[in-house]
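Shown here: model_2.txt, compact mmCIF, C-alpha atoms.
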```txt
# COMPACT_ATOMS: atom_id res chain seq x y z
CA MET A 274 -20.59 -16.25 -17.16
CA ALA A 275 -18.02 -14.04 -15.45
CA LYS A 276 -15.83 -11.93 -17.71
CA ARG A 277 -12.26 -13.15 -17.92
CA LEU A 278 -10.07 -10.29 -16.78
CA ARG A 279 -7.10 -9.22 -18.88
CA GLY A 280 -3.68 -9.20 -17.26
CA GLY A 281 -1.02 -6.54 -17.64
CA TYR A 282 2.47 -5.68 -16.49
CA THR A 283 4.01 -3.66 -13.66
CA THR A 284 5.97 -0.43 -13.74
CA GLY A 285 9.05 -2.55 -13.08
CA ALA A 286 8.34 -4.54 -16.25
CA CYS A 287 7.95 -1.28 -18.18
CA VAL A 288 11.41 -0.22 -17.02
CA ALA A 289 12.88 -3.61 -17.95
CA ALA A 290 11.31 -3.49 -21.41
CA GLY A 291 12.50 0.06 -21.97
CA ALA A 292 16.03 -0.84 -20.88
CA LYS A 293 16.13 -3.92 -23.12
CA ALA A 294 14.77 -1.97 -26.10
CA ALA A 295 17.44 0.69 -25.55
CA ALA A 296 20.17 -1.94 -25.34
CA LEU A 297 19.01 -3.58 -28.57
CA TYR A 298 18.71 -0.20 -30.31
CA MET A 299 22.22 0.68 -29.15
CA GLN A 300 23.45 -2.45 -30.97
CA ASP A 301 21.30 -1.82 -34.06
CA SER A 302 19.41 -5.04 -33.31
CA LEU A 303 15.97 -3.72 -32.37
CA THR A 304 13.76 -5.19 -35.08
CA ALA A 305 10.25 -4.38 -33.83
CA ASP A 306 8.34 -1.93 -31.66
CA VAL A 307 7.59 -4.73 -29.20
CA VAL A 308 10.11 -6.23 -26.77
CA GLU A 309 9.87 -9.61 -25.09
CA ILE A 310 11.10 -9.93 -21.51
CA THR A 311 11.03 -12.82 -19.05
CA ALA A 312 9.23 -12.00 -15.79
CA LEU A 313 10.80 -13.23 -12.56
CA ASP A 314 8.23 -16.03 -12.38
CA GLY A 315 9.17 -17.22 -15.88
CA THR A 316 6.21 -15.63 -17.70
CA ARG A 317 7.08 -14.22 -21.12
CA LEU A 318 5.76 -10.68 -21.59
CA MET A 319 5.43 -8.85 -24.90
CA ILE A 320 5.60 -5.12 -24.13
CA PRO A 321 5.13 -2.39 -26.77
CA ILE A 322 7.70 0.40 -27.06
CA LYS A 323 5.97 3.71 -27.84
CA LYS A 324 9.09 5.63 -28.79
CA ILE A 325 12.86 5.18 -28.83
CA GLU A 326 15.51 7.79 -29.65
CA ARG A 327 19.17 8.72 -29.31
CA LEU A 328 20.01 11.62 -27.02
CA ASP A 329 23.21 12.70 -28.73
CA ASP A 330 22.06 16.25 -29.52
CA GLY A 331 22.65 18.23 -26.35
CA ARG A 332 19.95 16.48 -24.32
CA LEU A 333 22.35 14.06 -22.63
CA PRO A 334 22.03 13.53 -18.88
CA GLU A 335 24.81 15.23 -16.92
CA GLY A 336 28.08 13.29 -17.16
CA ALA A 337 26.84 10.94 -19.87
CA LEU A 338 28.65 10.18 -23.11
CA PRO A 339 27.01 8.86 -26.29
CA PRO A 340 25.47 6.60 -27.17
CA VAL A 341 22.59 7.42 -24.82
CA ILE A 342 19.24 5.83 -25.70
CA ARG A 343 15.85 6.73 -24.25
CA ALA A 344 12.76 4.56 -24.60
CA GLU A 345 9.17 5.39 -23.70
CA VAL A 346 6.86 2.60 -22.50
CA VAL A 347 3.20 3.11 -21.62
CA LYS A 348 2.01 1.15 -18.59
CA ASP A 349 -0.77 -1.35 -19.32
CA ALA A 350 -2.36 -2.68 -16.14
CA GLY A 351 -4.87 -4.82 -18.02
CA ASP A 352 -8.18 -4.92 -16.15
CA ASP A 353 -6.54 -4.16 -12.81
CA PRO A 354 -7.59 -0.75 -11.38
CA ASP A 355 -4.01 0.50 -11.14
CA ILE A 356 -3.61 4.28 -10.88
CA THR A 357 -0.50 4.16 -13.10
CA ASN A 358 -2.38 2.56 -15.99
CA GLY A 359 -1.72 4.53 -19.18
CA THR A 360 1.24 6.39 -17.65
CA SER A 361 4.41 6.95 -19.68
CA VAL A 362 7.60 5.48 -18.24
CA PHE A 363 10.85 6.84 -19.71
CA VAL A 364 14.03 4.76 -19.47
CA THR A 365 17.42 6.20 -20.41
CA LEU A 366 20.33 3.79 -20.90
CA THR A 367 24.00 4.81 -20.83
CA LEU A 368 27.04 2.56 -20.88
CA ALA A 369 29.39 3.18 -17.96
CA ARG A 370 32.88 4.44 -18.80
CA SER A 371 34.48 3.43 -15.49
CA GLU A 372 33.71 2.34 -11.93
CA ASP A 373 33.22 5.98 -11.03
CA ASP A 374 30.13 6.04 -13.24
CA LEU A 375 28.55 3.39 -11.02
CA LYS A 376 28.95 5.21 -7.71
CA ALA A 377 25.57 5.70 -6.04
CA VAL A 378 24.42 9.12 -4.78
CA PRO A 379 22.09 8.91 -1.74
CA GLY A 380 18.52 9.79 -2.62
CA VAL A 381 19.33 9.82 -6.32
CA SER A 382 20.76 6.47 -7.32
CA VAL A 383 21.35 2.91 -6.15
CA ARG A 384 23.59 0.18 -7.52
CA HIS A 385 22.49 -3.37 -8.28
CA GLU A 386 25.15 -5.73 -9.67
CA ASN A 387 26.73 -3.86 -12.60
CA ILE A 388 23.87 -1.37 -13.02
CA LEU A 389 23.43 2.06 -11.45
CA PHE A 390 19.74 2.91 -11.18
CA GLU A 391 19.02 6.64 -11.19
CA ALA A 392 15.75 8.17 -9.99
CA GLY A 393 14.63 10.86 -12.40
CA GLU A 394 11.51 13.01 -12.47
CA GLY A 395 8.55 11.58 -10.54
CA ILE A 396 10.46 8.78 -8.77
CA GLY A 397 10.37 8.90 -4.99
CA HIS A 398 12.89 7.93 -2.33
CA ALA A 399 12.59 6.18 1.04
CA THR A 400 12.64 8.28 4.21
CA LYS A 401 11.57 5.67 6.78
CA PRO A 402 13.01 2.28 7.73
CA GLY A 403 10.97 -0.92 7.55
CA LEU A 404 10.66 -1.28 3.77
CA SER A 405 12.70 -3.41 1.36
CA LEU A 406 14.59 -0.18 0.63
CA SER A 407 17.21 1.49 2.81
CA VAL A 408 16.52 5.02 4.00
CA GLY A 409 17.66 7.44 1.31
CA GLU A 410 17.46 4.96 -1.55
CA PRO A 411 15.38 5.69 -4.64
CA ALA A 412 12.04 3.91 -4.56
CA ILE A 413 13.10 1.26 -7.08
CA ASN A 414 12.34 -2.06 -5.42
CA PRO A 415 14.61 -5.14 -5.52
CA GLY A 416 12.30 -7.09 -7.85
CA PRO A 417 12.36 -4.51 -10.65
CA ARG A 418 16.12 -4.06 -10.25
CA GLN A 419 16.66 -7.78 -10.82
CA LEU A 420 14.22 -7.81 -13.72
CA VAL A 421 16.09 -4.99 -15.45
CA HIS A 422 19.41 -6.75 -14.80
CA ASN A 423 18.11 -9.97 -16.38
CA SER A 424 16.63 -8.13 -19.37
CA LEU A 425 19.85 -6.26 -20.10
CA LEU A 426 21.79 -9.51 -19.83
CA GLU A 427 19.46 -11.00 -22.45
CA ALA A 428 20.00 -7.99 -24.73
CA PHE A 429 23.79 -7.68 -24.40
CA GLY A 430 24.56 -11.38 -24.05
CA SER A 431 27.04 -10.67 -21.24
CA PRO A 432 27.21 -8.28 -18.26
CA ARG A 433 27.76 -4.66 -19.34
CA PRO A 434 28.26 -1.92 -16.72
CA CYS A 435 25.62 0.71 -17.39
CA ARG A 436 23.37 3.38 -15.94
CA VAL A 437 19.58 3.22 -16.11
CA ARG A 438 17.67 6.42 -15.44
CA ILE A 439 13.89 6.23 -14.83
CA ASP A 440 11.51 9.16 -15.31
CA ILE A 441 7.76 9.15 -14.76
CA PRO A 442 6.71 12.80 -15.19
CA ALA A 443 3.26 12.14 -13.69
CA GLY A 444 4.77 10.31 -10.71
CA ARG A 445 4.68 13.10 -8.13
CA GLU A 446 0.94 13.66 -8.56
CA LEU A 447 0.14 9.94 -8.82
CA ALA A 448 1.99 9.27 -5.56
CA LYS A 449 -0.53 11.40 -3.67
CA LYS A 450 -3.19 8.78 -4.48
CA THR A 451 -1.17 5.91 -2.98
CA LEU A 452 0.07 4.87 0.45
CA ASN A 453 3.51 6.29 -0.36
CA PRO A 454 3.18 9.30 1.98
CA VAL A 455 2.24 6.95 4.84
CA LEU A 456 5.15 4.62 4.06
CA GLY A 457 7.65 7.46 3.90
CA ILE A 458 8.19 7.43 0.13
CA GLU A 459 8.62 11.09 -0.79
CA GLY A 460 9.00 12.91 -4.07
CA GLY A 461 7.14 10.56 -6.36
CA ILE A 462 5.96 7.09 -7.25
CA SER A 463 7.61 3.73 -6.49
CA ILE A 464 8.86 1.29 -9.11
CA ILE A 465 7.29 -1.88 -7.81
CA GLY A 466 6.30 -5.39 -8.80
CA THR A 467 7.26 -8.77 -7.42
CA THR A 468 7.57 -10.58 -10.74
CA GLY A 469 6.67 -8.04 -13.43
CA VAL A 470 3.29 -9.65 -14.18
CA LEU A 471 0.17 -7.76 -13.10
CA ARG A 472 -2.75 -10.12 -12.60
CA PRO A 473 -6.14 -8.45 -12.17
CA MET A 474 -7.20 -9.91 -8.87
CA SER A 475 -6.49 -6.67 -7.05
CA GLU A 476 -7.85 -7.64 -3.63
CA GLU A 477 -4.84 -9.79 -2.73
CA ALA A 478 -2.44 -7.21 -4.16
CA PHE A 479 -4.19 -4.43 -2.26
CA LYS A 480 -4.09 -6.35 1.01
CA GLU A 481 -0.38 -7.03 0.55
CA SER A 482 0.21 -3.33 -0.11
CA LEU A 483 -1.26 -2.46 3.30
CA VAL A 484 1.12 -4.62 5.36
CA PRO A 485 4.27 -2.47 4.91
CA GLN A 486 2.54 0.20 7.03
CA ILE A 487 2.90 -2.13 10.03
CA LYS A 488 6.58 -2.72 9.32
CA VAL A 489 7.33 0.98 8.86
CA ALA A 490 5.53 1.91 12.10
CA ARG A 491 7.31 -0.85 13.98
CA ALA A 492 10.68 0.26 12.63
CA ALA A 493 9.82 3.71 13.99
CA GLY A 494 9.47 2.16 17.46
CA PHE A 495 5.75 1.41 17.60
CA ASP A 496 5.20 -2.09 19.00
CA THR A 497 1.74 -0.79 19.90
CA GLN A 498 -0.13 0.52 16.84
CA ILE A 499 -3.45 2.16 16.06
CA PHE A 500 -5.44 0.32 13.39
CA VAL A 501 -7.98 2.54 11.64
CA PRO A 502 -10.30 1.24 8.90
CA GLY A 503 -9.94 4.43 6.90
CA LYS A 504 -9.63 8.21 6.81
CA ILE A 505 -12.50 8.84 9.25
CA GLY A 506 -10.85 6.90 12.05
CA GLU A 507 -7.43 8.30 11.18
CA ARG A 508 -8.66 11.89 11.28
CA ILE A 509 -10.45 11.46 14.58
CA ALA A 510 -7.61 9.51 16.19
CA ALA A 511 -5.16 12.26 15.17
CA SER A 512 -7.45 14.92 16.64
CA TRP A 513 -7.27 13.05 19.96
CA GLY A 514 -3.50 13.32 19.94
CA LEU A 515 -2.73 9.73 18.96
CA PRO A 516 0.55 9.53 16.98
CA GLU A 517 0.07 9.44 13.23
CA ALA A 518 3.37 7.58 12.84
CA GLY A 519 1.82 4.69 14.74
CA MET A 520 -1.39 4.54 12.67
CA VAL A 521 -2.12 1.83 10.11
CA GLN A 522 -4.98 1.90 7.61
CA THR A 523 -6.62 -1.52 7.37
CA SER A 524 -9.34 -0.67 4.85
CA ASN A 525 -11.93 -3.50 4.96
CA PHE A 526 -9.29 -6.15 5.70
CA ILE A 527 -9.17 -5.96 9.48
CA GLY A 528 -8.72 -9.69 9.96
CA TYR A 529 -5.93 -9.91 7.41
CA MET A 530 -4.11 -7.02 9.04
CA LEU A 531 -4.54 -8.49 12.53
CA GLU A 532 -2.96 -11.73 11.32
CA ALA A 533 -0.12 -9.81 9.70
CA ALA A 534 0.46 -7.88 12.92
CA ALA A 535 0.65 -11.10 14.90
CA GLU A 536 3.16 -12.55 12.45
CA ILE A 537 5.29 -9.39 12.54
CA GLY A 538 5.28 -9.43 16.32
CA LEU A 539 3.30 -6.42 17.54
CA LYS A 540 2.50 -6.33 21.26
CA ARG A 541 -0.75 -4.33 21.28
CA ILE A 542 -3.27 -2.94 18.80
CA LEU A 543 -5.86 -0.23 19.29
CA LEU A 544 -8.78 -0.70 16.91
CA PHE A 545 -10.09 2.83 16.45
CA GLY A 546 -12.95 3.72 14.16
CA HIS A 547 -16.57 4.25 13.33
CA ILE A 548 -19.01 1.93 15.03
CA GLY A 549 -20.41 0.92 11.66
CA LYS A 550 -17.14 -0.85 10.84
CA LEU A 551 -16.04 -2.13 14.23
CA ALA A 552 -19.45 -3.44 15.31
CA LYS A 553 -18.96 -6.04 12.58
CA VAL A 554 -15.76 -7.21 14.27
CA ALA A 555 -17.79 -7.79 17.44
CA ALA A 556 -19.82 -10.29 15.40
CA GLY A 557 -16.69 -12.03 14.11
CA VAL A 558 -16.84 -10.35 10.68
CA PHE A 559 -13.27 -9.46 9.74
CA HIS A 560 -13.76 -8.50 6.09
CA THR A 561 -15.96 -5.46 6.65
CA HIS A 562 -17.09 -4.58 3.12
CA ASN A 563 -20.88 -4.53 3.19
CA ARG A 564 -21.08 -6.93 0.24
CA VAL A 565 -19.08 -9.51 2.19
CA GLY A 566 -20.35 -9.19 5.74
CA ASP A 567 -22.79 -6.72 7.27
CA ALA A 568 -24.00 -7.32 10.82
CA ARG A 569 -23.90 -3.75 12.11
CA LEU A 570 -27.53 -3.31 12.99
CA GLU A 571 -27.93 -6.88 14.18
CA VAL A 572 -25.08 -6.35 16.64
CA LEU A 573 -26.61 -3.14 17.97
CA ALA A 574 -30.02 -4.77 18.25
CA ALA A 575 -28.78 -7.97 19.90
CA TYR A 576 -26.65 -6.28 22.55
CA SER A 577 -29.27 -3.62 23.23
CA GLY A 578 -31.86 -6.36 23.66
CA ALA A 579 -29.57 -8.20 26.05
CA MET A 580 -29.39 -5.02 28.15
CA GLY A 581 -33.17 -4.76 28.35
CA MET A 582 -34.33 -2.83 25.31
CA PRO A 583 -37.96 -3.76 24.52
CA GLY A 584 -39.01 -5.24 21.22
CA GLU A 585 -40.22 -1.94 19.81
CA GLY A 586 -36.75 -0.41 20.15
CA ILE A 587 -35.07 -3.48 18.68
CA GLU A 588 -37.37 -3.33 15.66
CA ARG A 589 -36.50 0.34 15.14
CA ILE A 590 -32.78 -0.46 15.17
CA LEU A 591 -33.22 -3.31 12.71
CA GLY A 592 -35.29 -1.02 10.49
CA ALA A 593 -32.63 1.67 10.36
CA VAL A 594 -30.62 2.20 7.20
CA THR A 595 -27.36 3.18 8.90
CA THR A 596 -25.80 2.81 12.32
CA GLU A 597 -25.92 6.58 12.75
CA GLU A 598 -29.71 6.37 12.38
CA ALA A 599 -29.86 3.66 15.05
CA LEU A 600 -27.79 5.48 17.68
CA PRO A 601 -30.56 7.88 18.84
CA VAL A 602 -32.77 4.87 19.56
CA ILE A 603 -30.19 3.52 21.98
CA GLY A 604 -29.99 6.98 23.56
CA GLU A 605 -33.75 7.14 24.05
CA TYR A 606 -33.60 4.02 26.22
CA GLY A 607 -30.52 5.18 28.14
CA LEU A 608 -28.48 2.17 27.06
CA GLU A 609 -25.24 3.95 26.11
CA LYS A 610 -23.30 1.38 28.15
CA VAL A 611 -23.94 -1.03 25.31
CA TYR A 612 -21.09 0.57 23.35
CA GLU A 613 -18.56 -0.50 25.96
CA VAL A 614 -19.89 -4.04 25.76
CA ILE A 615 -19.64 -4.05 21.96
CA ALA A 616 -16.10 -2.61 22.10
CA ALA A 617 -15.02 -5.31 24.54
CA ARG A 618 -16.58 -7.97 22.33
CA ALA A 619 -14.75 -6.65 19.26
CA SER A 620 -11.45 -6.85 21.13
CA TYR A 621 -12.25 -10.37 22.32
CA ARG A 622 -13.09 -11.52 18.79
CA ALA A 623 -9.94 -9.91 17.39
CA GLU A 624 -7.68 -11.53 19.99
CA ARG A 625 -9.32 -14.90 19.47
CA LEU A 626 -8.75 -14.65 15.70
CA ILE A 627 -5.00 -14.35 16.25
CA PHE A 628 -4.86 -16.83 19.12
CA ASN A 629 -4.16 -14.12 21.71
CA LYS A 630 -0.76 -13.35 20.21
CA VAL A 631 -1.47 -9.61 20.38
CA GLN A 632 -3.48 -7.64 22.95
CA VAL A 633 -6.32 -5.63 21.39
CA GLY A 634 -8.39 -2.70 22.60
CA THR A 635 -11.28 -1.05 20.75
CA VAL A 636 -12.64 2.51 20.54
CA LEU A 637 -15.99 3.22 18.87
CA VAL A 638 -16.78 6.71 17.56
CA THR A 639 -19.39 8.49 15.44
CA LEU A 640 -18.78 10.15 12.08
CA GLN A 641 -18.46 13.46 13.93
CA GLY A 642 -15.74 12.12 16.21
CA GLU A 643 -17.92 11.69 19.29
CA LEU A 644 -16.78 8.92 21.61
CA LEU A 645 -19.39 6.19 22.01
CA GLY A 646 -17.48 3.63 24.02
CA MET A 647 -14.24 1.77 24.63
CA ASP A 648 -12.99 -1.17 26.63
CA ASP A 649 -10.40 -1.26 29.42
CA ARG A 650 -7.56 -2.27 27.11
CA ALA A 651 -8.28 0.74 24.90
CA ARG A 652 -8.13 3.03 27.93
CA GLU A 653 -4.77 1.52 28.86
CA ILE A 654 -3.31 1.93 25.36
CA GLY A 655 -4.70 5.43 24.90
CA GLY A 656 -3.39 6.47 28.28
CA ASP A 657 0.08 5.21 27.39
CA PHE A 658 -0.05 7.35 24.24
CA GLY A 659 -1.19 10.34 26.30
CA TRP A 660 -4.31 10.93 24.24
CA SER A 661 -6.73 13.78 24.78
CA ILE A 662 -10.19 12.22 24.63
CA LYS A 663 -12.84 14.38 23.02
```
Using structure tokens, write down the structure that the file contains.
Amino acid sequence: MAKRLRGGYTTGACVAAGAKAAALYMQDSLTADVVEITALDGTRLMIPIKKIERLDDGRLPEGALPPVIRAEVVKDAGDDPDITNGTSVFVTLTLARSEDDLKAVPGVSVRHENILFEAGEGIGHATKPGLSLSVGEPAINPGPRQLVHNSLLEAFGSPRPCRVRIDIPAGRELAKKTLNPVLGIEGGISIIGTTGVLRPMSEEAFKESLVPQIKVARAAGFDTQIFVPGKIGERIAASWGLPEAGMVQTSNFIGYMLEAAAEIGLKRILLFGHIGKLAKVAAGVFHTHNRVGDARLEVLAAYSGAMGMPGEGIERILGAVTTEEALPVIGEYGLEKVYEVIAARASYRAERLIFNKVQVGTVLVTLQGELLGMDDRAREIGGDFGWSIK
């Protein structure tokens, strides 16, 4: 029987719990070290508060007057492999004295209703358009802002103008392990979460996290984008002079990202990557993890056979462990043209998946960055980008 995975809560929910705990403490009505908040989907979450204290002893944030309350909440992602799991989130709550206290400072704070959200240590800010944040805003997404607003309303019983400062000291280092640099979030982590509830399915959440790359690149003017399965393709594509601002990492979810691109309205896509990934697309396999679909060697063998490779060569390809091991066999028979055929087939399959809403070209390379083959559409797209083929 499959293990039932344990759920958790988002960084946004941590902030909301910390803010509510601080509000209750400020009113001398915090009765436990656990706070209950209502997620945006109606789920009730019980979130532990690790520490809560008054900052009335010279540690006040600049411009703040007592009472100032700071709560520490430790992120619990449940069984979801979230890089922020176990990270401390510090929330500092101050009541506003006047409207001037709620004025936002670009890159530092943003106002939502009667709350000024301030980005402290480890919280990034947006530098590119195309996200749910405006350029210059702290990376505190709309969902968490609303969740904090609702939680403070529960605690105070009525709207109270206040300032909420968020600090995640580990945020700058953690951000390097996310897509934040690609999305233009600089200086730290993002406060994210659609509802506040973190359900350990991960694959859907991960796929959804990839899509903003398309929107950011399009907002930068790229109606034609380069889709790379991962770092190998990205590195090689960049070495050819293709624009990094127009690159999108698809991971194993090539089909999902193609469908997202069609919905967003891209005009052209260049699939660029290792033949071991993109040969699967030629077979109509759009989730390319080897545990889901693996037709790499079968594709090489079938198309090589169609071009005249004898049975002995086909058997050697099918007996190979990796595509890299199979490539010399194709070279021995002088059938390098097969790569162009496979590239064209991958483009055809991709376009058919999205009902020809987007034009697709494909480039196949080795792990070392050697060009194996491409189709005519890829030549057209690459030429428009002014690439330097290696």
Q) Which residue out of A:Tyr529, A:Trp660, A:Tyr621, A:Phe559 has the minimum interatomic distance to A:Glu477 when all atoms listed in the file are used? A)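 Answer, going by the shortest atom-to-atom distance: A:Tyr529.
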Do you know which residues lie at most 12 Å from (-29.8, -4.4, 28.0), with coordinates as in the file and all atoms listed in the file counted, and could you write them as a compact mmCIF listing (two decimals) with C-alpha atoms, in the frame of the given file?
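out_24.txt, freshly written:
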```
# COMPACT_ATOMS: atom_id res chain seq x y z
CA LEU A 573 -26.61 -3.14 17.97
CA ALA A 574 -30.02 -4.77 18.25
CA ALA A 575 -28.78 -7.97 19.90
CA TYR A 576 -26.65 -6.28 22.55
CA SER A 577 -29.27 -3.62 23.23
CA GLY A 578 -31.86 -6.36 23.66
CA ALA A 579 -29.57 -8.20 26.05
CA MET A 580 -29.39 -5.02 28.15
CA GLY A 581 -33.17 -4.76 28.35
CA MET A 582 -34.33 -2.83 25.31
CA PRO A 583 -37.96 -3.76 24.52
CA GLY A 584 -39.01 -5.24 21.22
CA GLY A 586 -36.75 -0.41 20.15
CA ILE A 587 -35.07 -3.48 18.68
CA ILE A 603 -30.19 3.52 21.98
CA TYR A 606 -33.60 4.02 26.22
CA GLY A 607 -30.52 5.18 28.14
CA LEU A 608 -28.48 2.17 27.06
CA GLU A 609 -25.24 3.95 26.11
CA LYS A 610 -23.30 1.38 28.15
CA VAL A 611 -23.94 -1.03 25.31
CA TYR A 612 -21.09 0.57 23.35
CA VAL A 614 -19.89 -4.04 25.76
CA ILE A 615 -19.64 -4.05 21.96
```
Q.
Let me make sure I understand: among A:Leu404, A:Val421, A:Ile458, A:Leu551, which one has the smallest atom-to-atom distance to A:Ala493 if we use only C-alpha atoms?
A.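 Selected residue with least distance to A:Ala493: A:Leu404.
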Q: Just the residues within 8 Å of A:Leu328, please, counting only C-alpha atoms, with nothing from its chain fewer than 6 positions along; format it as a PyMOL selection string.
A: chain A and resi 339-343
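When atom CA of A:Tyr298 is paired with atom CA of A:Glu427, their separation reads 13.4 Å.
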Q: Write out as a VMD selection string each polymer residue whose atoms come within 7 Å of A:Leu539, counting only C-alpha atoms; drop sequence neighbours fewer than 3 positions from it.
A: chain A and resid 496 to 497 534 to 535 631
Please save C-alpha atoms of the selected residues as a CSV table (one decimal), in the frame of the given file.
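Output below, filename part.csv:
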```
chain,number,residue,atom,x,y,z
A,496,ASP,CA,5.2,-2.1,19.0
A,497,THR,CA,1.7,-0.8,19.9
A,534,ALA,CA,0.5,-7.9,12.9
A,535,ALA,CA,0.6,-11.1,14.9
A,631,VAL,CA,-1.5,-9.6,20.4
```
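With distances restricted to all atoms listed in the file, A:Phe429 is the closest residue to A:Met299 from A:Trp513, A:Phe390, A:Phe479, A:Phe429.
Here atom CA of A:Lys401 and atom CA of A:Thr357 stand 23.3 Å from one another.
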Q. What does the distance from atom CA of A:Val636 to atom CA of A:Phe545 come to in Å, to one decimal?
A. 4.8 Å
